[in-house]
Amino acid sequence: MALLDSIGLRRSGKKALRRPDLATQWTLMWWKFRQHRLAMVGMALLGMFGLCVLFAEPISPYAPFQRDTKYVAGAPMMPHFIDTEGNFHLRPFVYGRKAERDLVTLRMKSTVDTSQIWEIEFFVHGAPYRLLGLIPMDIHLFGTREGFIHLFGTDFTGLDLFSRTIHASRASLSVAFVGVVISFLLGAAIGGAAGYFGGQLDNIVMRVIEFIRSVPTLPLWLALAAALPRDWGPLPTYLAVTIILSLLGWTWLARTVRSKLLATRHEDFVLAARLSGCSDFRIIRRHLLPSFLSYLIVDTSIAFPEILLAETSLSFLGLGLREPVESWGVLLYAAQSIRSVDQAPWLMIPGIFVIVAVLAFNFVGDGLRDAADPYSR
Amino acid sequence: MIAYLARRLVYMVITLLAVSVVSFVIVQSAPGDFAEIYAARKAAAGAIISQAEIENLRKQLGLDQPLLVQYWRWLSNIVLHNDWGMSWEWKRPVGEVIWERMPLTLAIAFSTLVFMYAISIPVGIYSAVRRYSFGDHAVSLIGYLGLATPNFLLALVLMYLAQKYFGQSVGGLFSPQYQNAPWSWARFADMLAHLAVPVIVLGMAGTAFLIRAMRAAVLDELDKMYVLSAKASGLSPLKLLVRYPVRMALNPIASTLGWRLTYVISGAPIVSFVLALPDTGPLFLQSLLNQDMQLAGALIFIYCALTIIGTLVSDLLLVALDPRIRLE
């Protein structure tokens with residue numbers, strides 16, 4: 001009970017008794033954050049994306065490069081509960097598909113065959129994989145015993161778009177994550193140095209930031225990405241693209257760090273720390289940074305969607321990540337021309353994932369901004 | 001004012017120099033130098049070029065000089081002779097290729113700016129005055145979506161919908177039947193209809209951002225005492241709103257004009273590329289994909305110069321509009 005008291009949260013019966021006078025700063029922030037309903041929705045969505053990243057193989061019914069020659073450029077298949085005769089099935093199913101030759105275009109075309117019912121089964125055996133890269137398994141969350149299931153349809157080579165989209169969340173979110181971490185470090189280091197030492201260094205850093213802000217950055221990053229050698233393997237390209245993208249987000253962070261440092265570096269507790277013989281680095285790290293860490297987290301949550309969108313745009317144009325690395329932008333590369341979009345509009349589905357991810361980050365960012373200053377009303 | 005103007009001009013020249021250095025680095029980042037690429041292209045076409053000829057060409061072009069000299073040569077050619085180098089892809093001077101497509105880019109950027117402010121100011125005021133109404137919530141929902149959707153995806157979706165439900169071709173600047181027709185009112189109207197899509201796509205995120213900013217600014221003003229006193233002295237609500245809080249709220253919105261311009265120029269190439277507009281956007285991306293860096297570097301330089309000059313002009317306009325801005 002004493003422990004619960006000390007964090008200001010004591011449960012009596014079902015109702016939590018809040019003691020703001022005893023709560024720590026972080027507890028207050030959590031309370032404030034929890035009141036922001038959209039932010040909680042955002043958190044839930046991010047949690048789902050996290051599951052996709054960790055468990056992409058078991059969630060998707062097929063391996064990302066498993067071709068289905070019977071269903072090329074096929075439309076998304078809707079799961080049903082009620083069949084054409086109005087009978088209710090407890091187990092969801094998809095209708096079978098028949099392959100026919102279109103008499104006008106002479107192309108193979110599949111049509112829905114409502115006489116055939118392919119039941120969706122859960123936890124079925126399928127393509128083998130290693131769970132988390134370690135445990136060999138072949139169980140997939142769902143699948144069909146007969147026929148096939150392509151929830152988002154297939155592309156022009158017969159690859160299952162649902163499986164690919166789930167797998168692509170890995171590259172998309174990891175590039176954004178690593179990019180944010182790098183720009184966080186850059187921003188904290190450069191902004192920290194400028195704010196703490198001030199003077200000429202501060203002046204130079206601020207001019208550089210103003211310069212970067214005043215030029216159209218996207219063309220600049222496009223040019224940098226285009227200058228990468230074409231014969232690099234997937235991994236070096238991936239790393240290089242991540243670093244190029246992280247050069248995008250650090251200016252905001254650096255500015256926040258600098259202004260907060262300027263505001264706090266003459267406080268009494270800094271003087272006290274200096275008089276007790278702390279080094280500059282220790283003062284920044286142990287005394288100044290924690291005092292405005294919450295604002296930094298807010299700025300980071302803003303940088304995240306920015307980097308995600310930039311990566312998607314770069315890859316969409318064929319200048320960012322490339323096959324065999326798959327990100328949402330790489331998948332959208334197939335939807336580049338109006339002709340392919342017209343023939344297979346479902347190729348734009350990965351874009352919905354991008355939008356939802358960016359929305360989730362924006363919601364969480366809004367919640368964090370409110371929570372960063374828990375004392376305001 | 002004169003001192004302020006002079007200082008801003010000096011800053012602008014310094015920034016332009018910095019931009020030119022960046023652009024030159026991009027020109028240099030092409031694999032191999034000009035003479036080598038020239039030789040490789042000739043060799044691919046069947047002509048045989050000796051090493052001595054390459055050396056000769058290099059000397060002629062000054063490629064054997066140190067980088068600093070090369071940079072100076074590149075920059076002075078641009079400034080003094082309007083000579084931007086040669087483009088590999090087009091086999092024409094870079095300057096010519098760019099300037100015949102630049103007017104359309106400028107027209108799109110300018111219309112997008114006008115569109116953003118024309119939509120966001122009234123909608124922002126409405127959202128603030130009718131706070132938490134159905135309309136306000138709808139606007140903020142669209143705003144969230146607008147900020148989260150990549151430009152190119154919105155362009156693709158609009159093109160798809162227009163093709164599917166209106167049977168209209170959206171790509172390019174003209175419908176097929178007007179492509180080679182002489183100028184007429186119908187052709188002009190057709191062009192405007194085609195320009196609407198890129199303007200909406202480009203302006204979407206910026207408009208969403210400005211609506212939010214405008215809403216917040218008006219809300220801040222509405223709570224102030226002078227509004228209450230104006231209300232108490234019997235001013236009609238609309239007159240009061242337009243005459244005081246809105247005018248106050250406009251300043252912070254207008255002062256971000258420079259950033260909006262940067263944003264528009266930044267997003268324009270991708271949108272034009274997806275919509276296949278005959279402006280500098282597809283030119284830029286093609287040059288990057290083909291590593292035609294003479295052209296790409298020149299375009300980067302022009303894009304950056306445009307935003308820098310545009311920002312200066314907008315700042316000067318603001319100073320003229322609002323005497324409270326300090327000329328420090």
# chains A, B, ... in the order shown; residues from 1 in each chain; ligands from 1
$ closest_atom_pairs --of "chain A" --to "chain B" --cutoff "9 Å" --atoms "only C-alpha atoms" --output "Markdown table"
| residue | atom | partner | partner_atom | distance |
| --- | --- | --- | --- | --- |
| A:Phe211 | CA | B:Thr15 | CA | 6.8 |
| A:Arg213 | CA | B:Trp259 | CA | 8.0 |
| A:Ser214 | CA | B:Ile308 | CA | 6.5 |
| A:Val215 | CA | B:Cys304 | CA | 5.1 |
| A:Pro216 | CA | B:Ser266 | CA | 4.5 |
| A:Thr217 | CA | B:Ser266 | CA | 6.2 |
| A:Leu218 | CA | B:Ser266 | CA | 5.3 |
| A:Pro219 | CA | B:Ser266 | CA | 6.1 |
| A:Leu220 | CA | B:Ile300 | CA | 6.9 |
| A:Leu222 | CA | B:Leu288 | CA | 7.7 |
| A:Ala223 | CA | B:Leu288 | CA | 6.4 |
| A:Leu224 | CA | B:Ile26 | CA | 7.4 |
| A:Ala225 | CA | B:Leu288 | CA | 8.9 |
| A:Ala226 | CA | B:Leu288 | CA | 5.6 |
| A:Ala227 | CA | B:Ser29 | CA | 6.0 |
| A:Leu228 | CA | B:Ser29 | CA | 8.8 |
| A:Pro229 | CA | B:Pro31 | CA | 8.0 |
| A:Pro305 | CA | B:Ala148 | CA | 8.0 |
| A:Leu309 | CA | B:Pro150 | CA | 6.3 |
| A:Ala310 | CA | B:Pro150 | CA | 8.6 |
| A:Thr312 | CA | B:Pro150 | CA | 8.0 |
| A:Ser313 | CA | B:Pro150 | CA | 7.3 |
| A:Phe316 | CA | B:Phe152 | CA | 8.6 |
| A:Leu317 | CA | B:Ile270 | CA | 8.1 |
| A:Gly318 | CA | B:Leu289 | CA | 8.0 |
| A:Leu319 | CA | B:Leu289 | CA | 7.3 |
| A:Leu332 | CA | B:Leu153 | CA | 8.8 |
| A:Ala335 | CA | B:Leu156 | CA | 8.4 |
| A:Gln336 | CA | B:Val274 | CA | 7.2 |
| A:Ser337 | CA | B:Val274 | CA | 7.5 |
| A:Ile338 | CA | B:Tyr160 | CA | 7.1 |
| A:Val341 | CA | B:Tyr160 | CA | 6.9 |
| A:Asp342 | CA | B:Tyr160 | CA | 6.4 |
| A:Pro345 | CA | B:Tyr160 | CA | 7.9 |
| A:Met348 | CA | B:Leu153 | CA | 7.8 |
| A:Gly351 | CA | B:Leu153 | CA | 6.8 |
| A:Ile352 | CA | B:Thr149 | CA | 8.5 |
| A:Val354 | CA | B:Thr149 | CA | 7.7 |
| A:Ile355 | CA | B:Ala148 | CA | 5.2 |
| A:Val356 | CA | B:Ala148 | CA | 7.8 |
| A:Ala357 | CA | B:Ala148 | CA | 8.4 |
| A:Val358 | CA | B:Ala148 | CA | 5.4 |
| A:Leu359 | CA | B:Ala148 | CA | 5.8 |
| A:Asn362 | CA | B:Tyr144 | CA | 8.1 |
| A:Phe363 | CA | B:Tyr144 | CA | 8.9 |
$ residues_around --residues "Leu57 of chain B" --least-positions-apart "2" --cutoff "12 Å" --atoms "only C-alpha atoms" --output "list of chain:residue names"
B:Asp33, B:Phe34, B:Ala35, B:Glu36, B:Ile37, B:Tyr38, B:Ala39, B:Ile49, B:Ser50, B:Gln51, B:Ala52, B:Glu53, B:Ile54, B:Glu55, B:Lys59, B:Gln60, B:Leu61, B:Gly62, B:Leu63, B:Asp64
$ select_by_dssp --residues "segment 19-244 of chain B" --states "helix (DSSP H, G or I)" --output "MDAnalysis selection string"
chainID B and resid 19:28 34:44 51:61 67:81 94:129 134:148 151:166 176:178 185:222 225:232 237:243
$ residues_around --residues "Ala193 of chain A" --least-positions-apart "5" --cutoff "8 Å" --atoms "only C-alpha atoms" --output "number ranges by chain"
A: 198, 201-202, 258
$ atom_distance --atom1 "atom CA of Asp322 of chain B" --atom2 "atom CA of Val242 of chain B"
17.0 Å
$ closest_residue --among "A:Tyr129, A:Tyr238, A:Trp31, A:Trp252" --to "Glu311 of chain A" --atoms "only C-alpha atoms"
A:Tyr238
$ closest_residue --among "A:Gly143, A:Gly158, A:Gly153, A:Gly249" --to "Phe184 of chain A" --atoms "only C-alpha atoms"
A:Gly249
$ closest_residue --among "B:Leu317, B:Lys239, B:Ala208, B:Gln294" --to "Asn251 of chain B" --atoms "only C-alpha atoms"
B:Leu317
$ atom_distance --atom1 "atom CA of Ile108 of chain B" --atom2 "atom CA of Pro198 of chain B"
7.5 Å
$ select_by_dssp --residues "segment 78-234 of chain A" --states "strand (DSSP E or B)" --output "ChimeraX atom specification"
/A:80-82,88-101,108-131,135-144,154,159-160
$ closest_residue --among "A:Asp366, A:Asp155, A:Glu146, A:Glu326" --to "Ser340 of chain A" --atoms "only C-alpha atoms"
A:Asp155
$ closest_atom_pairs --of "segment 91-148 of chain B" --to "segment 225-238 of chain B" --cutoff "12 Å" --atoms "only C-alpha atoms" --output "Markdown table"
| residue | atom | partner | partner_atom | distance |
| --- | --- | --- | --- | --- |
| B:Ile125 | CA | B:Leu238 | CA | 11.3 |
| B:Tyr126 | CA | B:Leu238 | CA | 11.5 |
| B:Val129 | CA | B:Leu238 | CA | 10.5 |
$ atom_distance --atom1 "atom CA of Pro278 of chain B" --atom2 "atom CA of Glu306 of chain A"
28.1 Å
$ residues_around --residues "Thr280 of chain B" --least-positions-apart "3" --cutoff "7 Å" --atoms "only C-alpha atoms" --output "PyMOL selection string"
chain B and resi 98+101-102+105+269+283-284
$ write_last_selection --atoms "N, CA and C atoms" --output "PDB file, in the first residue's frame"
ATOM      1  N   ILE B  98      14.761  23.824 -69.124  1.00  0.00           N
ATOM      2  CA  ILE B  98      14.076  24.224 -67.892  1.00  0.00           C
ATOM      3  C   ILE B  98      13.122  25.380 -68.146  1.00  0.00           C
ATOM      4  N   ARG B 101       9.612  24.992 -69.426  1.00  0.00           N
ATOM      5  CA  ARG B 101       8.645  24.320 -68.558  1.00  0.00           C
ATOM      6  C   ARG B 101       8.386  25.074 -67.264  1.00  0.00           C
ATOM      7  N   MET B 102       9.199  26.065 -66.974  1.00  0.00           N
ATOM      8  CA  MET B 102       9.105  26.761 -65.688  1.00  0.00           C
ATOM      9  C   MET B 102       7.791  27.515 -65.505  1.00  0.00           C
ATOM     10  N   THR B 105       5.155  25.455 -63.771  1.00  0.00           N
ATOM     11  CA  THR B 105       5.469  25.205 -62.365  1.00  0.00           C
ATOM     12  C   THR B 105       5.112  26.417 -61.515  1.00  0.00           C
ATOM     13  N   PRO B 269       7.134  18.597 -57.460  1.00  0.00           N
ATOM     14  CA  PRO B 269       7.644  17.652 -58.466  1.00  0.00           C
ATOM     15  C   PRO B 269       6.931  16.308 -58.471  1.00  0.00           C
ATOM     16  N   LEU B 283      10.449  16.371 -65.327  1.00  0.00           N
ATOM     17  CA  LEU B 283      11.804  16.624 -65.813  1.00  0.00           C
ATOM     18  C   LEU B 283      12.812  16.320 -64.714  1.00  0.00           C
ATOM     19  N   PHE B 284      12.507  16.838 -63.509  1.00  0.00           N
ATOM     20  CA  PHE B 284      13.403  16.672 -62.367  1.00  0.00           C
ATOM     21  C   PHE B 284      13.544  15.201 -61.992  1.00  0.00           C
TER      22      PHE B 284
END
$ closest_residue --among "A:Ala334, A:Leu159, A:Ile120, A:Ala99" --to "Tyr62 of chain A" --atoms "only C-alpha atoms"
A:Leu159
$ residues_around --residues "Phe209 of chain B" --least-positions-apart "3" --cutoff "8 Å" --atoms "only C-alpha atoms" --output "NGL selection string"
:B and (143 or 147 or 205-206 or 212-213)
